[in-house]
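Asks: Provided below: query_23.txt, containing compact mmCIF, C-alpha atoms and all ligand atoms.
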```txt
# COMPACT_ATOMS: atom_id res chain seq x y z
CA MET G 26 66.72 132.53 84.96
CA ARG G 27 67.66 136.15 84.44
CA ILE G 28 71.21 137.47 84.12
CA LEU G 29 72.61 140.99 84.24
CA VAL G 30 75.71 141.52 82.09
CA VAL G 31 77.79 144.60 82.99
CA GLU G 32 80.47 145.03 80.34
CA ASP G 33 81.65 148.24 78.66
CA GLU G 34 82.96 146.60 75.50
CA HIS G 35 79.78 146.59 73.44
CA ARG G 36 80.90 143.86 71.09
CA ILE G 37 81.70 141.44 73.90
CA ALA G 38 78.57 142.41 75.84
CA ASN G 39 76.32 141.88 72.84
CA SER G 40 77.83 138.55 71.90
CA ILE G 41 77.53 137.29 75.50
CA LYS G 42 73.89 138.39 75.49
CA LYS G 43 73.15 136.56 72.26
CA GLY G 44 74.90 133.40 73.44
CA LEU G 45 73.07 133.41 76.78
CA GLN G 46 69.72 133.97 75.10
CA LEU G 47 70.34 130.87 73.02
CA GLU G 48 70.78 129.04 76.32
CA LYS G 49 67.32 130.32 77.34
CA TYR G 50 68.44 132.93 79.83
CA ALA G 51 66.73 136.32 80.01
CA VAL G 52 69.52 138.91 79.73
CA ASP G 53 69.85 142.62 80.51
CA LEU G 54 72.90 144.63 79.48
CA ALA G 55 74.60 147.59 81.12
CA TYR G 56 77.58 149.27 79.47
CA THR G 57 78.71 151.35 82.45
CA GLY G 58 79.35 150.57 86.09
CA THR G 59 76.75 153.07 87.24
CA ASP G 60 74.02 151.67 85.00
CA GLY G 61 74.95 148.16 86.06
CA TYR G 62 74.77 149.05 89.74
CA ASP G 63 71.41 150.79 89.28
CA LEU G 64 69.92 147.75 87.52
CA ALA G 65 71.39 145.37 90.10
CA VAL G 66 69.69 147.20 92.97
CA THR G 67 66.32 147.77 91.28
CA GLU G 68 65.74 144.52 89.36
CA GLU G 69 65.86 140.88 90.41
CA TYR G 70 68.61 138.74 88.91
CA ASP G 71 69.69 135.16 89.34
CA LEU G 72 73.27 136.05 88.45
CA ILE G 73 75.39 139.11 87.65
CA LEU G 74 78.22 138.91 85.16
CA LEU G 75 80.46 141.80 86.11
CA ASP G 76 83.43 143.16 84.21
CA LEU G 77 86.23 144.41 86.47
CA MET G 78 87.32 147.50 84.54
CA LEU G 79 84.29 149.72 83.87
CA PRO G 80 83.62 153.41 83.39
CA GLY G 81 81.76 155.01 86.30
CA MET G 82 82.15 152.42 89.04
CA ASP G 83 84.50 149.47 88.65
CA GLY G 84 83.51 145.87 89.26
CA ILE G 85 85.02 145.70 92.73
CA GLN G 86 83.21 148.84 93.91
CA ILE G 87 79.92 147.51 92.55
CA CYS G 88 80.45 144.18 94.24
CA MET G 89 81.23 145.75 97.59
CA LYS G 90 78.29 148.13 97.46
CA LEU G 91 75.85 145.36 96.52
CA ARG G 92 77.02 143.15 99.35
CA GLN G 93 76.80 146.10 101.76
CA LYS G 94 73.20 146.51 100.65
CA GLN G 95 72.61 142.83 101.46
CA ILE G 96 72.10 141.93 97.81
CA HIS G 97 73.49 138.41 97.58
CA THR G 98 72.92 137.64 93.91
CA PRO G 99 75.78 135.41 92.72
CA ILE G 100 78.45 137.50 90.97
CA LEU G 101 80.84 136.17 88.36
CA MET G 102 83.63 138.69 87.79
CA LEU G 103 85.27 139.08 84.39
CA THR G 104 88.69 140.59 83.92
CA ALA G 105 91.27 141.06 81.26
CA LYS G 106 94.03 140.80 83.84
CA SER G 107 95.28 137.50 85.09
CA GLN G 108 97.28 138.47 88.15
CA THR G 109 96.47 136.58 91.31
CA ASP G 110 96.17 139.80 93.31
CA ASP G 111 93.21 140.92 91.26
CA LYS G 112 91.54 137.59 91.76
CA ILE G 113 91.93 137.79 95.50
CA GLU G 114 90.71 141.38 95.55
CA GLY G 115 87.67 140.45 93.46
CA LEU G 116 86.72 137.54 95.66
CA ASP G 117 87.31 139.57 98.82
CA SER G 118 84.90 142.19 97.54
CA GLY G 119 82.13 139.59 97.49
CA ALA G 120 82.32 138.05 94.02
CA ASP G 121 81.58 134.32 93.95
CA ASP G 122 83.80 133.35 91.07
CA TYR G 123 86.27 134.78 88.61
CA LEU G 124 86.89 134.35 84.90
CA THR G 125 89.86 135.78 82.99
CA LYS G 126 89.38 137.15 79.47
CA PRO G 127 89.65 135.78 76.88
CA PHE G 128 87.50 132.84 77.91
CA SER G 129 85.60 130.26 75.96
CA PHE G 130 81.84 130.54 75.94
CA GLU G 131 81.59 126.94 77.17
CA GLU G 132 83.69 127.84 80.20
CA LEU G 133 81.49 130.85 80.89
CA LEU G 134 78.35 128.69 80.69
CA ALA G 135 79.81 126.07 82.99
CA ARG G 136 80.64 128.71 85.63
CA ILE G 137 77.20 130.29 85.31
CA ARG G 138 75.48 126.93 85.72
CA ALA G 139 77.58 126.16 88.77
CA LEU G 140 76.68 129.48 90.42
CA ILE G 141 73.00 129.45 89.55
CA ARG G 142 72.32 125.96 90.79
CA ARG G 143 74.48 126.35 93.85
CA PRO G 144 71.88 127.24 96.48
CA PRO G 145 68.86 124.96 96.21
CA ASN G 146 69.85 122.16 93.92
CA SER G 147 72.26 119.32 94.02
CA LEU G 148 75.08 118.58 91.65
CA SER G 149 72.72 117.37 88.99
CA ASN G 150 71.78 119.35 85.90
CA ILE G 151 68.45 117.55 85.91
CA LEU G 152 65.59 118.95 87.94
CA THR G 153 62.87 116.45 88.86
CA ILE G 154 59.43 116.76 90.43
CA GLY G 155 57.30 113.63 90.52
CA ASP G 156 57.37 112.15 87.03
CA ILE G 157 58.60 115.25 85.21
CA SER G 158 62.26 116.00 84.58
CA LEU G 159 64.00 118.98 83.05
CA ASN G 160 67.57 118.89 81.84
CA THR G 161 69.20 122.33 82.04
CA LEU G 162 72.11 121.26 79.83
CA ASN G 163 70.35 119.88 76.76
CA PHE G 164 66.88 121.39 77.43
CA GLU G 165 65.12 118.02 77.38
CA VAL G 166 61.86 117.85 79.26
CA LYS G 167 60.17 114.51 79.90
CA ARG G 168 57.05 113.38 81.69
CA GLN G 169 56.38 109.69 82.18
CA ASN G 170 59.53 109.33 80.08
CA LYS G 171 57.82 110.96 77.11
CA PRO G 172 59.71 113.88 75.57
CA ILE G 173 57.88 117.23 75.66
CA THR G 174 58.75 120.01 73.25
CA LEU G 175 58.67 123.47 74.80
CA SER G 176 59.40 126.92 73.37
CA GLY G 177 62.27 128.88 74.92
CA LYS G 178 60.03 130.90 77.24
CA GLU G 179 57.93 127.88 78.21
CA PHE G 180 61.15 126.10 79.16
CA SER G 181 62.40 129.09 81.18
CA LEU G 182 59.08 129.35 83.00
CA LEU G 183 59.04 125.64 83.83
CA GLU G 184 62.67 125.78 84.96
CA TYR G 185 61.93 128.72 87.25
CA LEU G 186 58.93 126.95 88.82
CA MET G 187 60.87 123.70 89.19
CA ARG G 188 63.67 125.47 91.01
CA HIS G 189 61.11 126.43 93.67
CA PRO G 190 59.12 123.23 94.17
CA GLY G 191 56.03 123.55 96.34
CA GLN G 192 56.50 127.30 96.80
CA ILE G 193 53.93 129.85 95.74
CA ILE G 194 55.50 132.00 93.07
CA LYS G 195 53.99 135.40 92.45
CA LYS G 196 53.37 136.67 88.93
CA ASP G 197 55.82 139.51 89.51
CA GLN G 198 58.54 137.06 90.45
CA ILE G 199 57.92 135.07 87.29
CA ILE G 200 58.10 138.21 85.15
CA ASN G 201 61.30 139.32 86.88
CA HIS G 202 63.12 136.04 86.45
CA VAL G 203 61.87 134.79 83.09
CA TRP G 204 61.70 137.95 80.99
CA ASP G 205 64.31 140.64 80.42
CA TYR G 206 63.91 144.37 80.94
CA GLU G 207 63.08 145.14 77.33
CA SER G 208 60.40 142.49 76.94
CA ASN G 209 56.90 143.62 76.24
CA ILE G 210 54.92 142.15 79.11
CA LEU G 211 51.17 142.43 78.91
CA PRO G 212 48.98 142.03 82.01
CA ASN G 213 48.02 138.48 80.96
CA THR G 214 51.41 137.33 79.64
CA VAL G 215 52.09 135.04 82.59
CA GLU G 216 48.59 133.48 82.40
CA VAL G 217 49.07 132.86 78.70
CA TYR G 218 52.36 131.05 79.24
CA ILE G 219 51.06 129.07 82.23
CA LYS G 220 48.18 127.93 80.02
CA LYS G 221 50.55 126.90 77.23
CA LEU G 222 52.67 125.01 79.72
CA ARG G 223 49.66 123.18 81.16
CA GLN G 224 48.62 122.16 77.67
CA LYS G 225 51.97 120.46 77.26
CA ILE G 226 52.85 119.06 80.67
CA ASP G 227 49.49 118.43 82.37
CA ASN G 228 46.68 118.03 79.81
CA PRO G 229 48.31 115.17 77.85
CA PHE G 230 48.58 113.16 81.10
CA PRO G 231 44.99 112.99 82.40
CA LYS G 232 45.72 109.96 84.59
CA GLN G 233 48.42 111.84 86.48
CA LYS G 234 47.82 114.57 89.04
CA PRO G 235 48.34 118.04 87.53
CA LEU G 236 51.72 119.55 88.38
CA ILE G 237 50.93 123.24 87.96
CA HIS G 238 48.58 124.73 90.52
CA THR G 239 46.97 128.16 90.57
CA VAL G 240 46.83 129.71 94.01
CA ARG G 241 44.08 132.28 93.57
CA GLY G 242 45.11 135.81 94.40
CA PHE G 243 48.72 134.75 95.00
CA GLY G 244 50.32 133.04 92.05
CA TYR G 245 51.35 129.58 90.97
CA LYS G 246 53.20 126.62 92.26
CA ILE G 247 54.47 123.35 90.94
CA SER G 248 54.17 120.20 93.03
CA ASN G 249 53.16 116.59 92.62
CA CA G 301 86.02 146.63 80.63
```
Spit out the file's structure as structure tokens when you get a sec.

Replies:
Amino acid sequence: MRILVVEDEHRIANSIKKGLQLEKYAVDLAYTGTDGYDLAVTEEYDLILLDLMLPGMDGIQICMKLRQKQIHTPILMLTAKSQTDDKIEGLDSGADDYLTKPFSFEELLARIRALIRRPPNSLSNILTIGDISLNTLNFEVKRQNKPITLSGKEFSLLEYLMRHPGQIIKKDQIINHVWDYESNILPNTVEVYIKKLRQKIDNPFPKQKPLIHTVRGFGYKISN
């Protein structure tokens, strides 16, 4: 899951980025409204964290322009102000939720989780396909009830696939949603990670049907 953080206070932006990376999100930063808008229209994000007061374009302008362009990425607006009017204005402009600074990181995470899982998944923080389960809160992955230890990127890749069960996911999509803008992606990076993931979730369970499928010329899918 990849998040764009648009926040002009560098210290806050950087600490949000660090915190989100620890939670296994891929994170891009923009320090101005214009940069944030440009990234939001050119890259694919699962969520945009948008400060209200920004140099260049403010959060409300960005929100309105994105929605006009039919970009429906969930937007969580951040603001230092707490007046109700601002909240209403923010939500009217197309933001999905609102958080007033200062906020606790736990609160931020809870709101992000709520927005990211809103479309396809139920209220649960646990994604399940067949006999594999992935807990997005404590990062536990189990197959046949056996715990599986994954690296951060392996977890993110599995989570992304599991959020689209049975769908063919192109390599580009995987790169866009699992890695951030600054990551060094080599042509075979996705293959390498798919292989690592298979070695952990499929190969140790030879009696079970493999979960990860290669669809030649198209991409990958997970299904049981
Ligand atoms: Ca600001």

Asks: Ligand CA 301 (chain G): which residues are within 10 Å, counting only C-alpha atoms and all ligand atoms? Reply as a list of chain:residue names.

Replies: G:Val31, G:Glu32, G:Asp33, G:Glu34, G:His35, G:Ile37, G:Ala38, G:Tyr56, G:Thr57, G:Gly58, G:Leu75, G:Asp76, G:Leu77, G:Met78, G:Leu79, G:Pro80, G:Asp83, G:Gly84, G:Leu103, G:Thr104, G:Ala105

Asks: May I ask which of the residues G:Leu222, G:Leu236, G:Val166, G:Lys246 is the closest one to G:Ile193, counting only C-alpha atoms?

Replies: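 Result for the nearest residue to G:Ile193: G:Lys246.
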
Asks: Find the residues around stretch 98-100 of chain G up to 8 Å (all atoms listed in the file counted), leave out those fewer than 6 positions away in its own chain, and share them as a short mmCIF file (atom, residue, chain, number, x, y, z; two decimals) with C-alpha atoms, in the frame of the given file.

Replies:
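Result file around.cif:
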```cif
data_model
loop_
_atom_site.label_atom_id
_atom_site.label_comp_id
_atom_site.auth_asym_id
_atom_site.auth_seq_id
_atom_site.Cartn_x
_atom_site.Cartn_y
_atom_site.Cartn_z
CA TYR G 70 68.61 138.74 88.91
CA ASP G 71 69.69 135.16 89.34
CA LEU G 72 73.27 136.05 88.45
CA ILE G 73 75.39 139.11 87.65
CA LEU G 74 78.22 138.91 85.16
CA LEU G 75 80.46 141.80 86.11
CA CYS G 88 80.45 144.18 94.24
CA GLY G 119 82.13 139.59 97.49
CA ALA G 120 82.32 138.05 94.02
CA ASP G 121 81.58 134.32 93.95
CA ASP G 122 83.80 133.35 91.07
CA LEU G 140 76.68 129.48 90.42
CA ILE G 141 73.00 129.45 89.55
#
```

Asks: Pick out the residues sitting within 10 Å of G:Leu175, and hand them over as a list in words; count only C-alpha atoms, and ignore anything fewer than 5 positions along from it in its own chain.

Replies: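 Listed by chain and then number, they are Phe164, Glu165, Val166, Phe180, Ser181, Leu183, Lys221, Leu222, Lys225 and Ile226 of chain G.
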
Asks: Pick the closest to G:Thr67 from G:Leu45, G:Ala135, G:Leu54, G:Ile96: which is it, counting all atoms listed in the file?

Replies: G:Ile96

Asks: For stretch 243-245 of chain G, please output as a list in words all residues within 8 Å (counting all atoms listed in the file; exclusion window: fewer than 5 positions along the same chain).

Replies: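 Residues near the query, excluding close chain neighbours: Ile193, Ile194, Lys195, Lys196, Ile237 and His238 of chain G.
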
Asks: Go ahead and find all residues with at least one atom no further than 12 Å from (65.8, 135.0, 79.9) in the file's coordinates, using only C-alpha atoms; report them as a PyMOL selection string.

Replies: chain G and resi 26-29+42-54+70-72+177-182+184-185+199-208

Asks: Could you write those residues out with C-alpha atoms, as a PDB file, keeping the file's coordinate frame?

Replies:
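Result file follows (selection01.pdb):
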```
ATOM      1  CA  MET G  26      66.720 132.530  84.960  1.00  0.00           C
ATOM      2  CA  ARG G  27      67.660 136.150  84.440  1.00  0.00           C
ATOM      3  CA  ILE G  28      71.210 137.470  84.120  1.00  0.00           C
ATOM      4  CA  LEU G  29      72.610 140.990  84.240  1.00  0.00           C
ATOM      5  CA  LYS G  42      73.890 138.390  75.490  1.00  0.00           C
ATOM      6  CA  LYS G  43      73.150 136.560  72.260  1.00  0.00           C
ATOM      7  CA  GLY G  44      74.900 133.400  73.440  1.00  0.00           C
ATOM      8  CA  LEU G  45      73.070 133.410  76.780  1.00  0.00           C
ATOM      9  CA  GLN G  46      69.720 133.970  75.100  1.00  0.00           C
ATOM     10  CA  LEU G  47      70.340 130.870  73.020  1.00  0.00           C
ATOM     11  CA  GLU G  48      70.780 129.040  76.320  1.00  0.00           C
ATOM     12  CA  LYS G  49      67.320 130.320  77.340  1.00  0.00           C
ATOM     13  CA  TYR G  50      68.440 132.930  79.830  1.00  0.00           C
ATOM     14  CA  ALA G  51      66.730 136.320  80.010  1.00  0.00           C
ATOM     15  CA  VAL G  52      69.520 138.910  79.730  1.00  0.00           C
ATOM     16  CA  ASP G  53      69.850 142.620  80.510  1.00  0.00           C
ATOM     17  CA  LEU G  54      72.900 144.630  79.480  1.00  0.00           C
ATOM     18  CA  TYR G  70      68.610 138.740  88.910  1.00  0.00           C
ATOM     19  CA  ASP G  71      69.690 135.160  89.340  1.00  0.00           C
ATOM     20  CA  LEU G  72      73.270 136.050  88.450  1.00  0.00           C
ATOM     21  CA  GLY G 177      62.270 128.880  74.920  1.00  0.00           C
ATOM     22  CA  LYS G 178      60.030 130.900  77.240  1.00  0.00           C
ATOM     23  CA  GLU G 179      57.930 127.880  78.210  1.00  0.00           C
ATOM     24  CA  PHE G 180      61.150 126.100  79.160  1.00  0.00           C
ATOM     25  CA  SER G 181      62.400 129.090  81.180  1.00  0.00           C
ATOM     26  CA  LEU G 182      59.080 129.350  83.000  1.00  0.00           C
ATOM     27  CA  GLU G 184      62.670 125.780  84.960  1.00  0.00           C
ATOM     28  CA  TYR G 185      61.930 128.720  87.250  1.00  0.00           C
ATOM     29  CA  ILE G 199      57.920 135.070  87.290  1.00  0.00           C
ATOM     30  CA  ILE G 200      58.100 138.210  85.150  1.00  0.00           C
ATOM     31  CA  ASN G 201      61.300 139.320  86.880  1.00  0.00           C
ATOM     32  CA  HIS G 202      63.120 136.040  86.450  1.00  0.00           C
ATOM     33  CA  VAL G 203      61.870 134.790  83.090  1.00  0.00           C
ATOM     34  CA  TRP G 204      61.700 137.950  80.990  1.00  0.00           C
ATOM     35  CA  ASP G 205      64.310 140.640  80.420  1.00  0.00           C
ATOM     36  CA  TYR G 206      63.910 144.370  80.940  1.00  0.00           C
ATOM     37  CA  GLU G 207      63.080 145.140  77.330  1.00  0.00           C
ATOM     38  CA  SER G 208      60.400 142.490  76.940  1.00  0.00           C
TER      39      SER G 208
END
```

Asks: For each of G:Ile41, G:Arg168, G:Pro190, G:Ile247, take the minimum atom-to-atom distance to G:Pro229, counting only C-alpha atoms, then give the residue where this is smallest.

Replies: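 Smallest separation from G:Pro229 among the options: G:Arg168.
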
Asks: Excluding G:Asn249 and its own-chain neighbours fewer than 3 positions away, which residues fall within 9 Å of it when counting all atoms listed in the file? Please give them as an MDAnalysis selection string.

Replies: chainID G and resid 154:156 191 234:237

Asks: Keeping only C-alpha atoms, write the selected residues as a PDB file, in the coordinates of the input.

Replies:
```
ATOM      1  CA  ILE G 154      59.430 116.760  90.430  1.00  0.00           C
ATOM      2  CA  GLY G 155      57.300 113.630  90.520  1.00  0.00           C
ATOM      3  CA  ASP G 156      57.370 112.150  87.030  1.00  0.00           C
ATOM      4  CA  GLY G 191      56.030 123.550  96.340  1.00  0.00           C
ATOM      5  CA  LYS G 234      47.820 114.570  89.040  1.00  0.00           C
ATOM      6  CA  PRO G 235      48.340 118.040  87.530  1.00  0.00           C
ATOM      7  CA  LEU G 236      51.720 119.550  88.380  1.00  0.00           C
ATOM      8  CA  ILE G 237      50.930 123.240  87.960  1.00  0.00           C
TER       9      ILE G 237
END
```

Asks: What does the structure give for the distance between atom CA of G:Leu134 and atom CA of G:Leu152, in Å to one decimal?

Replies: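 Atom CA of G:Leu152 lies at a distance of 17.6 Å from atom CA of G:Leu134.
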
Asks: If we count all atoms listed in the file, what is near G:Leu133 at a cut-off of 10 Å, once residues fewer than 2 positions away on the same chain are taken out, given as a PyMOL selection string?

Replies: chain G and resi 41+45+74+101+103+123-125+128-131+135-139

Asks: Just write the chosen residues, C-alpha atoms, as a short mmCIF file (atom, residue, chain, number, x, y, z; two decimals), in the coordinates of the input.

Replies:
```
data_model
loop_
_atom_site.label_atom_id
_atom_site.label_comp_id
_atom_site.auth_asym_id
_atom_site.auth_seq_id
_atom_site.Cartn_x
_atom_site.Cartn_y
_atom_site.Cartn_z
CA ILE G 41 77.53 137.29 75.50
CA LEU G 45 73.07 133.41 76.78
CA LEU G 74 78.22 138.91 85.16
CA LEU G 101 80.84 136.17 88.36
CA LEU G 103 85.27 139.08 84.39
CA TYR G 123 86.27 134.78 88.61
CA LEU G 124 86.89 134.35 84.90
CA THR G 125 89.86 135.78 82.99
CA PHE G 128 87.50 132.84 77.91
CA SER G 129 85.60 130.26 75.96
CA PHE G 130 81.84 130.54 75.94
CA GLU G 131 81.59 126.94 77.17
CA ALA G 135 79.81 126.07 82.99
CA ARG G 136 80.64 128.71 85.63
CA ILE G 137 77.20 130.29 85.31
CA ARG G 138 75.48 126.93 85.72
CA ALA G 139 77.58 126.16 88.77
#
```
